[in-house]
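**Q** If it helps, the file is called model23.cif and holds mmCIF, C-alpha atoms:
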```cif
data_start
loop_
_atom_site.group_PDB
_atom_site.id
_atom_site.type_symbol
_atom_site.label_atom_id
_atom_site.label_comp_id
_atom_site.auth_asym_id
_atom_site.auth_seq_id
_atom_site.Cartn_x
_atom_site.Cartn_y
_atom_site.Cartn_z
ATOM 1 C CA MET H 27 -19.222 35.456 33.737
ATOM 2 C CA SER H 28 -15.644 35.303 32.531
ATOM 3 C CA GLU H 29 -14.757 33.723 29.222
ATOM 4 C CA THR H 30 -12.299 30.829 29.335
ATOM 5 C CA LEU H 31 -9.428 31.188 26.913
ATOM 6 C CA GLU H 32 -8.652 27.825 25.326
ATOM 7 C CA VAL H 33 -4.953 27.142 24.989
ATOM 8 C CA ILE H 34 -3.817 24.151 22.942
ATOM 9 C CA ALA H 35 -0.455 22.576 23.683
ATOM 10 C CA SER H 36 1.151 22.129 20.277
ATOM 11 C CA LEU H 37 4.430 21.335 18.572
ATOM 12 C CA TYR H 38 6.381 23.148 15.905
ATOM 13 C CA LEU H 39 7.901 20.431 13.700
ATOM 14 C CA PRO H 40 10.697 21.946 11.608
ATOM 15 C CA VAL H 41 10.706 20.980 7.938
ATOM 16 C CA SER H 42 12.574 22.626 5.066
ATOM 17 C CA ASN H 43 11.725 26.341 5.030
ATOM 18 C CA ALA H 44 8.739 25.968 7.396
ATOM 19 C CA LYS H 45 7.434 24.881 10.769
ATOM 20 C CA LEU H 46 4.498 22.517 10.868
ATOM 21 C CA LEU H 47 2.068 23.235 13.699
ATOM 22 C CA LEU H 48 0.315 20.225 15.192
ATOM 23 C CA PRO H 49 -1.491 19.704 18.499
ATOM 24 C CA ASN H 50 0.550 17.578 20.908
ATOM 25 C CA VAL H 51 -2.085 14.834 20.820
ATOM 26 C CA THR H 52 -1.519 14.400 17.080
ATOM 27 C CA VAL H 53 2.139 13.457 17.548
ATOM 28 C CA ALA H 54 2.607 10.041 19.169
ATOM 29 C CA GLU H 55 6.388 10.380 19.495
ATOM 30 C CA VAL H 56 9.442 11.952 17.912
ATOM 31 C CA VAL H 57 12.366 9.547 17.515
ATOM 32 C CA ASP H 58 15.898 9.680 16.168
ATOM 33 C CA TYR H 59 16.158 9.462 12.418
ATOM 34 C CA GLN H 60 16.529 6.012 10.932
ATOM 35 C CA GLU H 61 16.763 5.354 7.220
ATOM 36 C CA PRO H 62 13.373 4.102 5.965
ATOM 37 C CA ARG H 63 13.344 0.721 4.201
ATOM 38 C CA LYS H 64 11.737 0.899 0.782
ATOM 39 C CA ASP H 65 10.418 -2.542 -0.144
ATOM 40 C CA GLU H 66 8.278 -1.348 -3.036
ATOM 41 C CA ALA H 67 9.704 -0.321 -6.401
ATOM 42 C CA ASP H 68 8.495 2.615 -8.441
ATOM 43 C CA THR H 69 6.843 4.643 -5.673
ATOM 44 C CA PRO H 70 6.184 8.397 -5.554
ATOM 45 C CA ASN H 71 9.128 10.467 -4.327
ATOM 46 C CA TYR H 72 7.245 11.573 -1.183
ATOM 47 C CA TYR H 73 6.973 7.962 0.062
ATOM 48 C CA LEU H 74 10.290 7.228 1.767
ATOM 49 C CA GLY H 75 9.586 3.659 2.949
ATOM 50 C CA LYS H 76 8.899 2.170 6.372
ATOM 51 C CA VAL H 77 10.556 2.251 9.765
ATOM 52 C CA THR H 78 10.033 0.005 12.753
ATOM 53 C CA TRP H 79 8.568 1.833 15.733
ATOM 54 C CA ARG H 80 7.495 -0.036 18.876
ATOM 55 C CA GLY H 81 7.324 -3.256 16.884
ATOM 56 C CA LEU H 82 5.129 -1.772 14.142
ATOM 57 C CA GLU H 83 6.006 -1.020 10.529
ATOM 58 C CA ILE H 84 5.218 2.665 10.028
ATOM 59 C CA PRO H 85 5.087 4.288 6.554
ATOM 60 C CA VAL H 86 7.243 7.433 6.304
ATOM 61 C CA LEU H 87 6.547 10.487 4.153
ATOM 62 C CA SER H 88 8.419 13.608 3.193
ATOM 63 C CA TYR H 89 6.038 16.487 3.889
ATOM 64 C CA GLU H 90 8.030 18.753 1.572
ATOM 65 C CA LEU H 91 7.889 16.352 -1.391
ATOM 66 C CA ALA H 92 4.200 15.619 -0.747
ATOM 67 C CA ASN H 93 3.634 19.358 -0.909
ATOM 68 C CA GLY H 94 5.309 19.766 -4.301
ATOM 69 C CA ALA H 95 8.985 20.397 -3.532
ATOM 70 C CA LYS H 96 11.332 19.000 -6.171
ATOM 71 C CA SER H 97 13.946 17.785 -3.688
ATOM 72 C CA VAL H 98 14.791 17.888 -0.005
ATOM 73 C CA ARG H 99 18.137 17.738 1.674
ATOM 74 C CA ARG H 100 18.016 15.890 4.992
ATOM 75 C CA SER H 101 19.476 17.784 7.927
ATOM 76 C CA LYS H 102 21.981 16.177 10.299
ATOM 77 C CA ASN H 103 19.402 16.948 13.018
ATOM 78 C CA ALA H 104 16.594 15.065 11.230
ATOM 79 C CA ARG H 105 14.049 13.187 13.314
ATOM 80 C CA ILE H 106 11.020 11.053 12.599
ATOM 81 C CA ALA H 107 7.692 12.276 13.950
ATOM 82 C CA VAL H 108 5.154 9.486 14.402
ATOM 83 C CA ILE H 109 1.677 10.866 13.748
ATOM 84 C CA ASN H 110 -1.607 9.442 15.068
ATOM 85 C CA THR H 111 -3.987 8.871 12.166
ATOM 86 C CA ILE H 112 -7.450 10.399 12.065
ATOM 87 C CA GLY H 113 -8.834 9.395 8.662
ATOM 88 C CA GLU H 114 -11.170 6.715 7.384
ATOM 89 C CA ARG H 115 -8.611 3.927 7.866
ATOM 90 C CA ALA H 116 -7.329 4.995 11.300
ATOM 91 C CA GLY H 117 -8.308 1.649 12.821
ATOM 92 C CA GLN H 118 -6.262 -0.178 10.211
ATOM 93 C CA ILE H 119 -3.388 2.299 9.922
ATOM 94 C CA PRO H 120 -2.992 3.809 13.399
ATOM 95 C CA PHE H 121 0.212 5.737 12.607
ATOM 96 C CA PHE H 122 2.338 7.179 9.848
ATOM 97 C CA ALA H 123 5.483 9.272 10.104
ATOM 98 C CA ILE H 124 7.058 12.338 8.578
ATOM 99 C CA VAL H 125 10.695 13.353 8.546
ATOM 100 C CA THR H 126 11.446 16.567 10.401
ATOM 101 C CA GLN H 127 14.579 18.601 9.843
ATOM 102 C CA GLY H 128 15.270 19.213 13.516
ATOM 103 C CA ILE H 129 14.052 18.943 17.057
ATOM 104 C CA PRO H 130 10.401 19.903 17.635
ATOM 105 C CA ARG H 131 9.544 22.783 19.946
ATOM 106 C CA LEU H 132 6.579 23.120 22.277
ATOM 107 C CA VAL H 133 4.264 26.076 21.763
ATOM 108 C CA LYS H 134 1.011 27.107 23.448
ATOM 109 C CA VAL H 135 -1.573 28.262 20.916
ATOM 110 C CA SER H 136 -4.716 30.283 21.525
ATOM 111 C CA ASP H 137 -7.139 32.022 19.165
ATOM 112 C CA GLU H 138 -5.774 35.422 20.094
ATOM 113 C CA LEU H 139 -2.255 34.432 18.986
ATOM 114 C CA ILE H 140 -3.228 33.036 15.547
ATOM 115 C CA LYS H 141 -3.354 35.332 12.521
ATOM 116 C CA SER H 142 -3.983 34.304 8.921
ATOM 117 C CA SER H 143 -1.067 34.499 6.535
ATOM 118 C CA SER H 144 -1.344 35.950 3.053
ATOM 119 C CA LYS H 145 0.967 33.266 1.658
ATOM 120 C CA LYS H 146 -0.469 30.509 -0.542
ATOM 121 C CA ALA H 147 -1.050 27.122 1.087
ATOM 122 C CA GLY H 148 0.151 23.971 -0.660
ATOM 123 C CA GLN H 149 -1.835 20.808 -1.354
ATOM 124 C CA ALA H 150 -0.663 19.238 1.915
ATOM 125 C CA ASP H 151 -1.674 22.277 3.989
ATOM 126 C CA VAL H 152 -4.868 23.358 5.699
ATOM 127 C CA ALA H 153 -3.639 26.881 6.402
ATOM 128 C CA LEU H 154 -0.633 29.134 6.697
ATOM 129 C CA VAL H 155 -0.689 31.166 9.898
ATOM 130 C CA ARG H 156 1.350 33.537 12.041
ATOM 131 C CA ILE H 157 1.506 32.733 15.715
ATOM 132 C CA ASP H 158 2.861 35.416 17.946
ATOM 133 C CA GLY H 159 4.914 36.746 15.014
ATOM 134 C CA GLU H 160 6.184 33.367 13.727
ATOM 135 C CA ASP H 161 5.074 31.790 10.447
ATOM 136 C CA ALA H 162 3.704 28.252 10.686
ATOM 137 C CA VAL H 163 1.896 25.722 8.525
ATOM 138 C CA ILE H 164 -1.077 23.703 9.685
ATOM 139 C CA PRO H 165 -0.687 20.500 7.648
ATOM 140 C CA ASN H 166 -3.594 18.526 6.233
ATOM 141 C CA VAL H 167 -3.074 15.364 8.282
ATOM 142 C CA GLU H 168 -5.898 13.467 6.553
ATOM 143 C CA TYR H 169 -4.412 14.226 3.127
ATOM 144 C CA LEU H 170 -0.922 13.156 4.213
ATOM 145 C CA GLU H 171 -2.373 10.024 5.782
ATOM 146 C CA SER H 172 -4.204 9.156 2.544
ATOM 147 C CA LEU H 173 -0.865 9.186 0.714
ATOM 148 C CA VAL H 174 0.287 6.106 2.670
ATOM 149 C CA TYR H 175 -2.819 4.010 1.885
ATOM 150 C CA PRO H 176 -1.297 2.416 -1.238
ATOM 151 C CA PHE H 177 1.667 1.177 0.811
ATOM 152 C CA VAL H 178 -0.279 -0.497 3.628
ATOM 153 C CA PRO H 179 -2.270 -3.701 3.077
ATOM 154 C CA ALA H 180 -6.044 -3.146 3.083
#
```
So, in terms of structure tokens, how does the structure I just supplied come out?

**A**
Amino acid sequence: MSETLEVIASLYLPVSNAKLLLPNVTVAEVVDYQEPRKDEADTPNYYLGKVTWRGLEIPVLSYELANGAKSVRRSKNARIAVINTIGERAGQIPFFAIVTQGIPRLVKVSDELIKSSSKKAGQADVALVRIDGEDAVIPNVEYLESLVYPFVPA
């Protein structure tokens, strides 16, 4: 009996100094950058505001700032990646978004291509990995999602 090798279609989402690795099904859509509207005063620096996407108000985060960076310079190629939620309030908050610093790239991922990295993961990361020789970060989507809870009505 031959073993089936599971390959997961994924995306590299470029952020400052890293590439986030997410399965395709996690990313609802990547759209052109639009400046988030910040209606609330005195919010954490990682919360950038909200954008309108398909008629919905979507909270937008900076992955880098949520992961402890002091500042982030937005690239001229920035995009907004709309992420499907998976946490405890997914029914109430179906999406949130993160700003990418460029155009995402498709990648096929299998167990045999993934190697652990010796680098230290940040609070917004599940793991740092090397895939076929490239460094990548598997973000903690549930943690990032929980950061938008204060900015969405319960």

**Q** With distances taken over all atoms listed in the file, which of H:Val56, H:Val135, H:Ala123, H:Ala44 is nearest to Val86 in chain H?

**A**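 Using all atoms listed in the file, Val86 in chain H sits closest to H:Ala123.
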
**Q** Could you check the closest approach to Pro179 in chain H for each of H:Ile112, H:Ile119, H:Leu132, H:Ala92 and tell me which residue wins, using all atoms listed in the file?

**A** H:Ile119

**Q** Determine the nearest neighbour of Ser142 in chain H from the options H:Arg156, H:Ala180, H:Tyr38, H:Asn93, counting all atoms listed in the file.

**A** H:Arg156

**Q** Got a sec to resolve the PyMOL selection byres ((chain H and resi 175) around 12) on this structure and send the residues as a compact mmCIF listing (two decimals) with C-alpha atoms, keeping the file's coordinate frame?

**A**
```
# COMPACT_ATOMS: atom_id res chain seq x y z
CA TYR H 73 6.97 7.96 0.06
CA ILE H 84 5.22 2.66 10.03
CA PRO H 85 5.09 4.29 6.55
CA VAL H 86 7.24 7.43 6.30
CA LEU H 87 6.55 10.49 4.15
CA THR H 111 -3.99 8.87 12.17
CA GLY H 113 -8.83 9.40 8.66
CA GLU H 114 -11.17 6.72 7.38
CA ARG H 115 -8.61 3.93 7.87
CA ALA H 116 -7.33 5.00 11.30
CA GLN H 118 -6.26 -0.18 10.21
CA ILE H 119 -3.39 2.30 9.92
CA PRO H 120 -2.99 3.81 13.40
CA PHE H 121 0.21 5.74 12.61
CA PHE H 122 2.34 7.18 9.85
CA GLU H 168 -5.90 13.47 6.55
CA TYR H 169 -4.41 14.23 3.13
CA LEU H 170 -0.92 13.16 4.21
CA GLU H 171 -2.37 10.02 5.78
CA SER H 172 -4.20 9.16 2.54
CA LEU H 173 -0.86 9.19 0.71
CA VAL H 174 0.29 6.11 2.67
CA PRO H 176 -1.30 2.42 -1.24
CA PHE H 177 1.67 1.18 0.81
CA VAL H 178 -0.28 -0.50 3.63
CA PRO H 179 -2.27 -3.70 3.08
CA ALA H 180 -6.04 -3.15 3.08
```

**Q** My list of candidates is H:Asp158, H:Glu90, H:Asp137, H:Glu55. Which is closest to Asn71 in chain H when distances are computed with only C-alpha atoms?

**A** H:Glu90

**Q** Just say which residues the PyMOL selection byres ((chain H and resi 74) around 10) picks in this file, as a PDB file with C-alpha atoms, in the coordinates of the input.

**A**
```pdb
ATOM      1  CA  GLU H  61      16.763   5.354   7.220  1.00  0.00           C
ATOM      2  CA  PRO H  62      13.373   4.102   5.965  1.00  0.00           C
ATOM      3  CA  ARG H  63      13.344   0.721   4.201  1.00  0.00           C
ATOM      4  CA  LYS H  64      11.737   0.899   0.782  1.00  0.00           C
ATOM      5  CA  ASP H  65      10.418  -2.542  -0.144  1.00  0.00           C
ATOM      6  CA  THR H  69       6.843   4.643  -5.673  1.00  0.00           C
ATOM      7  CA  PRO H  70       6.184   8.397  -5.554  1.00  0.00           C
ATOM      8  CA  ASN H  71       9.128  10.467  -4.327  1.00  0.00           C
ATOM      9  CA  TYR H  72       7.245  11.573  -1.183  1.00  0.00           C
ATOM     10  CA  TYR H  73       6.973   7.962   0.062  1.00  0.00           C
ATOM     11  CA  GLY H  75       9.586   3.659   2.949  1.00  0.00           C
ATOM     12  CA  LYS H  76       8.899   2.170   6.372  1.00  0.00           C
ATOM     13  CA  VAL H  77      10.556   2.251   9.765  1.00  0.00           C
ATOM     14  CA  PRO H  85       5.087   4.288   6.554  1.00  0.00           C
ATOM     15  CA  VAL H  86       7.243   7.433   6.304  1.00  0.00           C
ATOM     16  CA  LEU H  87       6.547  10.487   4.153  1.00  0.00           C
ATOM     17  CA  SER H  88       8.419  13.608   3.193  1.00  0.00           C
ATOM     18  CA  LEU H  91       7.889  16.352  -1.391  1.00  0.00           C
ATOM     19  CA  ALA H 123       5.483   9.272  10.104  1.00  0.00           C
ATOM     20  CA  ILE H 124       7.058  12.338   8.578  1.00  0.00           C
ATOM     21  CA  VAL H 125      10.695  13.353   8.546  1.00  0.00           C
TER      22      VAL H 125
END
```

**Q** Translate the PyMOL selection byres ((chain H and resi 103) around 12) into a concrete residue list for this structure, as a PyMOL selection string.

**A** chain H and resi 40-42+57-60+99-102+104-106+125-130

**Q** Nearest to Leu48 in chain H among H:Ala67, H:Ala147, H:Ile157, H:Ala35, with distances taken over all atoms listed in the file: which residue is it?

**A**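 So, comparing all the options, the nearest one is H:Ala35.
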
**Q** Just the number, please: distance in Å from CA of Pro165 in chain H to CA of Ala54 in chain H, one decimal.

**A**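 Atom-to-atom, CA of Pro165 in chain H to CA of Ala54 in chain H, that is 15.9 Å.
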